[in-house]
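*Asks:* Mind looking over this structure? Questions follow.
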Amino acid sequence: MKGKVADLNSGAPIPNVSITAETEKTTFTDEFGFFEIENLGLYTFKRLGYETQIVTINSKDFIVVQLKLKPSELNEVIIDASHIPKPLKSAVATSTIISERDIELGNDLNISQAINRAPGVFMQSGALNTNRLTIRGIGSRNLFGTSKIRAYFKDIPLTNGSGETNIEDFELNAISQIKITKGATSSVYGAGLGGTIQLNPTNAYLNSSSVNTELTIGSFDLYKSTINFNHGTSKNGFRGIYSNTSSDSYRDNNNYNRQTLTLTSNHFINEKNELTFLGSYVDLKAFIPSSINQDTFESNPSAAAFTWRQAQGFEDSQRGIIGLTWNHTFNPKIKQITSIFSSFRNGYEPRPFNILDENTFAYGIRSRLLGNTQLFSKPLTYTFGGEFFKDNYKSKTFQNLYDDFPTGTGSVQGNELSNFEEDRQYYNLFFEVNYQPSEKATLVAGLNYNQTQYDLEDNFPVSINNPDQSGTFQFDGIFSPKLGLSYLVSDNVSVYSNASQGFSPISLNETLLPDGQINNDLEPETGWNYEIGTRGQIFKNKIQFNLAIYRLDVRNLLVARRTAEDEFVGVNAGQTLHDGIEFSLNSNIVNTRNLKLNSFFNYSLNNYKFEDFVDGDDDFSGNDLTGVPSNILNAGLDVSTKIGFYGNINFQHVGEQPITDNNSLYSDSYNLTNIKIGYKNVFSEKISLNIFYGLDNIFDKKYASQILINARGFGGSQPRYFYPGNPVNYYAGINFNYTF
């Protein structure tokens, strides 16, 4: 009888799983997770890094067994970018896995709490719908939102055709795992300059049917309800997750309403073919308080920016993603994975300076071939393939006439100001090989080729004040190589090093000059990442550690030079050096049947400088890179008992960060402490209950949760640099699970 063992979260195959039974000798899964057994009966599936599972096999049909990651042993296994599982201690790049357990340590409202537990990663959160993510300082110069970092929802790109990424709208309860690869080391996923984030949805469980409901209330009139339904047979699994979240939020003009629906299904057709379906829909309406100046931040941090409050600015958007993945195994040595996907986003955003109406429709395909062979009698695995992505972006702006109406009216749409249509497309070709010249050494080499093109059609009537901005912008093809080596010093400790090159595409808006022409002289930002590190576990896996020292050398630094309140011009202005140290430590202090006590600690030391930065008449060379903290520390304790009580405490320190390029102004450092306690109980095989209570910012610290760098005041007003963070606030909830 034949079968396969797969990762419950990602669906990727798991090699080297031991399969034992009383009547048979132990057998193991192969490189693609396949196995064979001779008899029906009770089998134990076991592998380091995963929870052991005992399965009763009573059918001669093809068998699929799903194993769940074991957070305390994440160093033992990682699903890498090529979809070939391998031990983390033999990897050549720095990756962090944020498990489902890590997400549960905090609230399930803001993804930044989970993301910020990864060293070298920092997500600033001005509101639930206002975030900026940086990895090793990359993305810090983007004024609004996240750019220069690639993100995928499983195999579906979340990064649009202009290199901008939005991950904060996803329902956290629908995510089982977040994998963050730092630096330009992911050839298979686009060689992004800062790195790659992969969100893995919660897959459907086979051979199980259940319904899970959760209700959460909290400060600022927070209300959230979630329904999670799973149905699985021996070969097919279906899961649907619906959530409804609303909050008045801490600040004025900051009401938040979001509904999400996530659907996944897994279909194991036969031993050679699998299909996976993924769909996600988000309906969001969130008002925008925007940033405030220093005087308001000190005296009245809950206030919204005056013009945003008067205009009652908000964003109203609907976003959908759909994808289908086909896995086909040709033979035990070769398989292919092909995904087709499509997405859309409709947005309407009244701002004080205008009203933006936008629509995006995207589609694409990813396909790769994976194989394993031998070179000089030593194992070699490889993957090569390509990705094509195209989106069509339509945008119009209109006058906002709120100032012409009585106070309280809010935004009123006026005459059309602009009308653009953009076609944005790229394709990646990639290759990666993993070779083991010895039992202790692993050599990794990869290459990515990217070609990007923009076409702009200006549909607004041409006049002296409105020149025609239609045109085409195409980058030269970019090759991004990488090379890495890891070596096992002992069975539990390894050292590694890598060198890789990455790039960040230029957005079409940055190519537009004030006269309406496209600047074809701009160059994309490129950079080399050099890194050495060590990782492993000591004291019988009671302590797991990771240490990385890196330098990221970025050339052709792209600067958005502000020419008006809502007008920016892109210029290549120099070079930055990102030198840093990342360290993380996870400890299983107590691990008994009655009590489990774990701790975590991670620290990032950031020394990021403008190596060469001349912007007009200003020379900022040698200054600290704007918008990145000097250091970040996260630490916490997590305790659980046999009788069901559990709790955790999390501490975060964020160092000062420069707000202006001339370094004349820095934000203050701050410390945050969050706690969460609860009670879990399994009443029977069918019913379980979880009650929890959390308190964030328990010492009520005043801090800026997001900074708007290089802000300028208009009309004699002060610059608005600060997004105030929430004061002390609570949340409480109940989770009920019923298994059919």
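Each chain of the structure tokens is named A, B, ... in the order shown, its residues numbered from 1; ligands are numbered from 1 in display order.
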Among stretch 227-398 of chain A, which residues does DSSP mark as strand (DSSP E or B) when it is run on the backbone? Keep the chain and numbering as in the structure and answer as a PyMOL selection string.
*Replies:* chain A and resi 227-232+236-247+256-268+273-287+292+314-331+334-350+355-375+378-398
*Asks:* Which residues of stretch 237-346 of chain A come within 8 Å of stretch 391-413 of chain A, and what is each one's closest atom pair and distance in Å (one decimal), counting only C-alpha atoms, sorted by chain and residue number, as a tab-separated table?
*Replies:*
```
residue	atom	partner	partner_atom	distance
A:Gln310	CA	A:Gly410	CA	6.2
A:Ala311	CA	A:Gly410	CA	4.5
A:Gln312	CA	A:Gly410	CA	4.9
A:Gly313	CA	A:Ser411	CA	7.0
```
*Asks:* Keeping only all heavy atoms, write the selected residues as a CSV table (one decimal), in the first residue's frame.
*Replies:*
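Output (again_16.csv):
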```
chain,number,residue,atom,x,y,z
A,310,GLN,N,-11.9,66.9,9.2
A,310,GLN,CA,-12.9,67.7,8.5
A,310,GLN,C,-13.4,67.1,7.3
A,310,GLN,O,-14.6,67.1,7.0
A,310,GLN,CB,-12.3,69.1,8.2
A,310,GLN,CG,-11.9,70.0,9.3
A,310,GLN,CD,-13.1,70.4,10.2
A,310,GLN,OE1,-13.4,69.8,11.2
A,310,GLN,NE2,-13.9,71.3,9.6
A,311,ALA,N,-12.5,66.4,6.6
A,311,ALA,CA,-12.9,65.7,5.3
A,311,ALA,C,-13.5,64.3,5.6
A,311,ALA,O,-14.1,63.7,4.7
A,311,ALA,CB,-11.8,65.5,4.4
A,312,GLN,N,-13.4,63.9,6.9
A,312,GLN,CA,-13.8,62.5,7.3
A,312,GLN,C,-13.3,61.5,6.3
A,312,GLN,O,-14.0,60.6,5.8
A,312,GLN,CB,-15.4,62.4,7.3
A,312,GLN,CG,-16.0,63.4,8.4
A,312,GLN,CD,-17.5,63.3,8.4
A,312,GLN,OE1,-18.1,62.3,7.9
A,312,GLN,NE2,-18.1,64.3,9.0
A,313,GLY,N,-11.9,61.6,6.1
A,313,GLY,CA,-11.3,60.7,5.2
A,313,GLY,C,-11.3,59.3,5.6
A,313,GLY,O,-11.3,58.9,6.7
```
*Asks:* What's around A:Asp696 at 8 Å? Count only C-alpha atoms, leave out sequence neighbours fewer than 2 positions away in its own chain, and write the answer as a list in words.
*Replies:* Leu672, Thr673, Asn674, Ile675, Gly694, Ile698, Val728, Asn729 and Tyr730 of chain A
*Asks:* Please produce an output containing N, CA and C atoms for each residue in the selection, written as an mmCIF file, in the first residue's frame.
*Replies:*
```
data_model
loop_
_atom_site.group_PDB
_atom_site.id
_atom_site.type_symbol
_atom_site.label_atom_id
_atom_site.label_comp_id
_atom_site.auth_asym_id
_atom_site.auth_seq_id
_atom_site.Cartn_x
_atom_site.Cartn_y
_atom_site.Cartn_z
ATOM 1 N N LEU A 672 7.214 48.376 25.488
ATOM 2 C CA LEU A 672 5.831 47.918 25.581
ATOM 3 C C LEU A 672 5.794 46.550 26.256
ATOM 4 N N THR A 673 4.785 46.336 27.096
ATOM 5 C CA THR A 673 4.599 45.051 27.758
ATOM 6 C C THR A 673 3.154 44.605 27.570
ATOM 7 N N ASN A 674 2.978 43.374 27.090
ATOM 8 C CA ASN A 674 1.652 42.796 26.868
ATOM 9 C C ASN A 674 1.538 41.479 27.632
ATOM 10 N N ILE A 675 0.341 41.193 28.127
ATOM 11 C CA ILE A 675 0.110 39.919 28.800
ATOM 12 C C ILE A 675 -1.165 39.279 28.255
ATOM 13 N N GLY A 694 -6.609 39.442 27.508
ATOM 14 C CA GLY A 694 -5.317 40.050 27.224
ATOM 15 C C GLY A 694 -5.305 41.528 27.539
ATOM 16 N N ILE A 698 0.488 47.431 29.120
ATOM 17 C CA ILE A 698 -0.059 47.408 30.479
ATOM 18 C C ILE A 698 0.432 48.579 31.333
ATOM 19 N N VAL A 728 -3.018 51.790 27.191
ATOM 20 C CA VAL A 728 -3.387 50.494 27.750
ATOM 21 C C VAL A 728 -4.779 50.100 27.244
ATOM 22 N N ASN A 729 -4.927 48.859 26.800
ATOM 23 C CA ASN A 729 -6.206 48.408 26.261
ATOM 24 C C ASN A 729 -6.331 46.900 26.470
ATOM 25 N N TYR A 730 -7.572 46.434 26.541
ATOM 26 C CA TYR A 730 -7.804 45.019 26.841
ATOM 27 C C TYR A 730 -8.589 44.360 25.716
#
```
*Asks:* Provide the atom CA of A:Asn450 to atom CA of A:Val188 distance in Å, to one decimal place.
*Replies:*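 Atom-to-atom, atom CA of A:Asn450 and atom CA of A:Val188 are spaced 11.3 Å apart.
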*Asks:* Identify, on the basis of only C-alpha atoms, every residue whose closest approach to A:Val462 does not exceed 12 Å; exclude the query and any residue fewer than 4 positions from it along the same chain; express the result as a PyMOL selection string.
*Replies:* chain A and resi 417-419+458+466-470+516
*Asks:* Convert the current residue selection to file output with all heavy atoms, as a CSV table (one decimal), in the first residue's frame.
*Replies:*
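The file below, selection-v3.csv, is the result:
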```csv
chain,number,residue,atom,x,y,z
A,417,LEU,N,-10.0,65.2,-11.8
A,417,LEU,CA,-8.7,65.9,-11.9
A,417,LEU,C,-7.7,65.0,-12.7
A,417,LEU,O,-6.7,65.6,-13.3
A,417,LEU,CB,-8.1,66.1,-10.4
A,417,LEU,CG,-8.9,66.9,-9.5
A,417,LEU,CD1,-8.2,66.9,-8.1
A,417,LEU,CD2,-8.9,68.4,-10.0
A,418,SER,N,-7.8,63.7,-12.7
A,418,SER,CA,-6.9,62.9,-13.5
A,418,SER,C,-7.6,61.6,-13.8
A,418,SER,O,-8.6,61.2,-13.1
A,418,SER,CB,-5.6,62.6,-12.7
A,418,SER,OG,-5.9,61.8,-11.5
A,419,ASN,N,-7.1,60.9,-14.8
A,419,ASN,CA,-7.7,59.6,-15.3
A,419,ASN,C,-6.6,58.8,-15.9
A,419,ASN,O,-6.2,59.1,-17.1
A,419,ASN,CB,-8.8,59.9,-16.2
A,419,ASN,CG,-9.6,58.6,-16.6
A,419,ASN,OD1,-9.1,57.5,-16.5
A,419,ASN,ND2,-10.8,58.8,-17.1
A,458,ASP,N,-2.8,58.0,-20.4
A,458,ASP,CA,-3.4,59.2,-19.7
A,458,ASP,C,-4.7,59.5,-20.5
A,458,ASP,O,-4.7,60.0,-21.6
A,458,ASP,CB,-2.5,60.4,-19.8
A,458,ASP,CG,-3.0,61.6,-19.0
A,458,ASP,OD1,-4.1,61.5,-18.5
A,458,ASP,OD2,-2.2,62.5,-18.8
A,466,ASN,N,-2.2,70.3,-18.0
A,466,ASN,CA,-2.3,68.9,-17.9
A,466,ASN,C,-1.7,68.2,-19.1
A,466,ASN,O,-2.4,67.8,-20.1
A,466,ASN,CB,-3.8,68.4,-17.8
A,466,ASN,CG,-4.4,68.9,-16.5
A,466,ASN,OD1,-4.1,68.3,-15.4
A,466,ASN,ND2,-5.2,69.9,-16.6
A,467,PRO,N,-0.4,68.1,-19.1
A,467,PRO,CA,0.3,67.5,-20.3
A,467,PRO,C,0.0,66.0,-20.4
A,467,PRO,O,-0.4,65.3,-19.4
A,467,PRO,CB,1.8,67.7,-20.0
A,467,PRO,CG,1.9,67.8,-18.5
A,467,PRO,CD,0.6,68.5,-18.1
A,468,ASP,N,0.1,65.4,-21.6
A,468,ASP,CA,-0.2,64.0,-21.8
A,468,ASP,C,0.9,63.2,-21.2
A,468,ASP,O,2.1,63.4,-21.5
A,468,ASP,CB,-0.3,63.7,-23.3
A,468,ASP,CG,-0.7,62.3,-23.5
A,468,ASP,OD1,-1.0,61.5,-22.6
A,468,ASP,OD2,-0.8,61.9,-24.7
A,469,GLN,N,0.6,62.3,-20.2
A,469,GLN,CA,1.7,61.5,-19.6
A,469,GLN,C,1.7,60.1,-20.0
A,469,GLN,O,2.3,59.2,-19.4
A,469,GLN,CB,1.4,61.5,-18.0
A,469,GLN,CG,1.4,62.9,-17.4
A,469,GLN,CD,1.3,62.9,-15.9
A,469,GLN,OE1,2.1,62.3,-15.3
A,469,GLN,NE2,0.3,63.6,-15.4
A,470,SER,N,1.1,59.8,-21.2
A,470,SER,CA,1.1,58.4,-21.7
A,470,SER,C,2.5,58.0,-22.1
A,470,SER,O,3.3,58.9,-22.5
A,470,SER,CB,0.2,58.3,-22.9
A,470,SER,OG,-1.1,58.6,-22.6
A,516,GLY,N,5.1,65.7,-16.9
A,516,GLY,CA,4.3,64.7,-17.4
A,516,GLY,C,5.0,63.6,-18.2
A,516,GLY,O,4.4,62.6,-18.6
```
*Asks:* Excluding A:Phe306 and its own-chain neighbours fewer than 5 positions away, which residues fall within 12 Å of it when counting only C-alpha atoms? Please give them as a list in words.
*Replies:*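 In the requested form, the answer reads Asp252, Asn253, Ile288, Pro289, Ser290, Ser291, Ile292, Asn293, Thr296, Ala311, Gln312, Gly313, Arg351, Pro352, Asp403, Thr407, Ser717, Gln718 and Arg720 of chain A.
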*Asks:* Please, which residues of stretch 362-553 of chain A, numbered as in this document, come out alpha helix (DSSP H) from DSSP, as a PyMOL selection string?
*Replies:* chain A and resi 508-511
*Asks:* Could the residues in this selection be saved with N, CA, C and O atoms as a PDB file, in the first residue's frame?
*Replies:*
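That gives us part16.pdb:
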```pdb
ATOM      1  N   LEU A 508       5.566  53.096 -11.180  1.00  0.00           N
ATOM      2  CA  LEU A 508       5.319  53.968 -12.328  1.00  0.00           C
ATOM      3  C   LEU A 508       5.194  55.422 -11.888  1.00  0.00           C
ATOM      4  O   LEU A 508       5.653  56.344 -12.584  1.00  0.00           O
ATOM      5  N   ASN A 509       4.592  55.669 -10.713  1.00  0.00           N
ATOM      6  CA  ASN A 509       4.457  57.040 -10.238  1.00  0.00           C
ATOM      7  C   ASN A 509       5.813  57.704 -10.044  1.00  0.00           C
ATOM      8  O   ASN A 509       5.971  58.911 -10.262  1.00  0.00           O
ATOM      9  N   GLU A 510       6.809  56.904  -9.623  1.00  0.00           N
ATOM     10  CA  GLU A 510       8.140  57.475  -9.396  1.00  0.00           C
ATOM     11  C   GLU A 510       8.837  57.834 -10.698  1.00  0.00           C
ATOM     12  O   GLU A 510       9.788  58.619 -10.700  1.00  0.00           O
ATOM     13  N   THR A 511       8.399  57.271 -11.820  1.00  0.00           N
ATOM     14  CA  THR A 511       9.034  57.573 -13.101  1.00  0.00           C
ATOM     15  C   THR A 511       8.487  58.847 -13.738  1.00  0.00           C
ATOM     16  O   THR A 511       9.061  59.357 -14.700  1.00  0.00           O
TER      17      THR A 511
END
```
*Asks:* Write out as a list of chain:residue names each polymer residue whose atoms come within 9 Å of A:Asp638, counting only C-alpha atoms; drop sequence neighbours fewer than 3 positions from it.
*Replies:*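 Contacts, in chain order: A:Leu105, A:Lys596, A:Leu597, A:Asn598, A:Ser599, A:Phe600, A:Tyr646, A:Gly647, A:Asn648, A:Ile649, A:Asn650.
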*Asks:* I'd like the contact shell of A:Asn203 - 7 Å cut-off, only C-alpha atoms, skipping same-chain residues fewer than 2 positions apart - returned as a compact mmCIF listing (two decimals) with C-alpha atoms, in the first residue's frame.
*Replies:*
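Wrote it out as around_7.txt, contents follow:
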```txt
# COMPACT_ATOMS: atom_id res chain seq x y z
CA LEU A 8 -0.44 20.15 7.67
CA ASN A 9 0.18 23.90 7.29
CA PRO A 201 -3.30 29.65 5.11
CA TYR A 205 -7.76 18.65 7.86
CA ARG A 239 -12.18 24.70 5.12
CA THR A 264 -9.20 26.37 1.08
```
*Asks:* Give the answer as one residue: which of A:Val590, A:Ile103, A:Gly161, A:Asn230 has the shortest atom-to-atom distance to A:Phe388, using only C-alpha atoms?
*Replies:*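 Among the listed residues, A:Gly161 lies closest to A:Phe388.
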*Asks:* Given the choices A:Pro13, A:Gly190, A:Gly414, A:Gly195, which gets closest to A:Ile478 if the distance is worked out from only C-alpha atoms?
*Replies:*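 Closest residue, counting only C-alpha atoms: A:Gly190.
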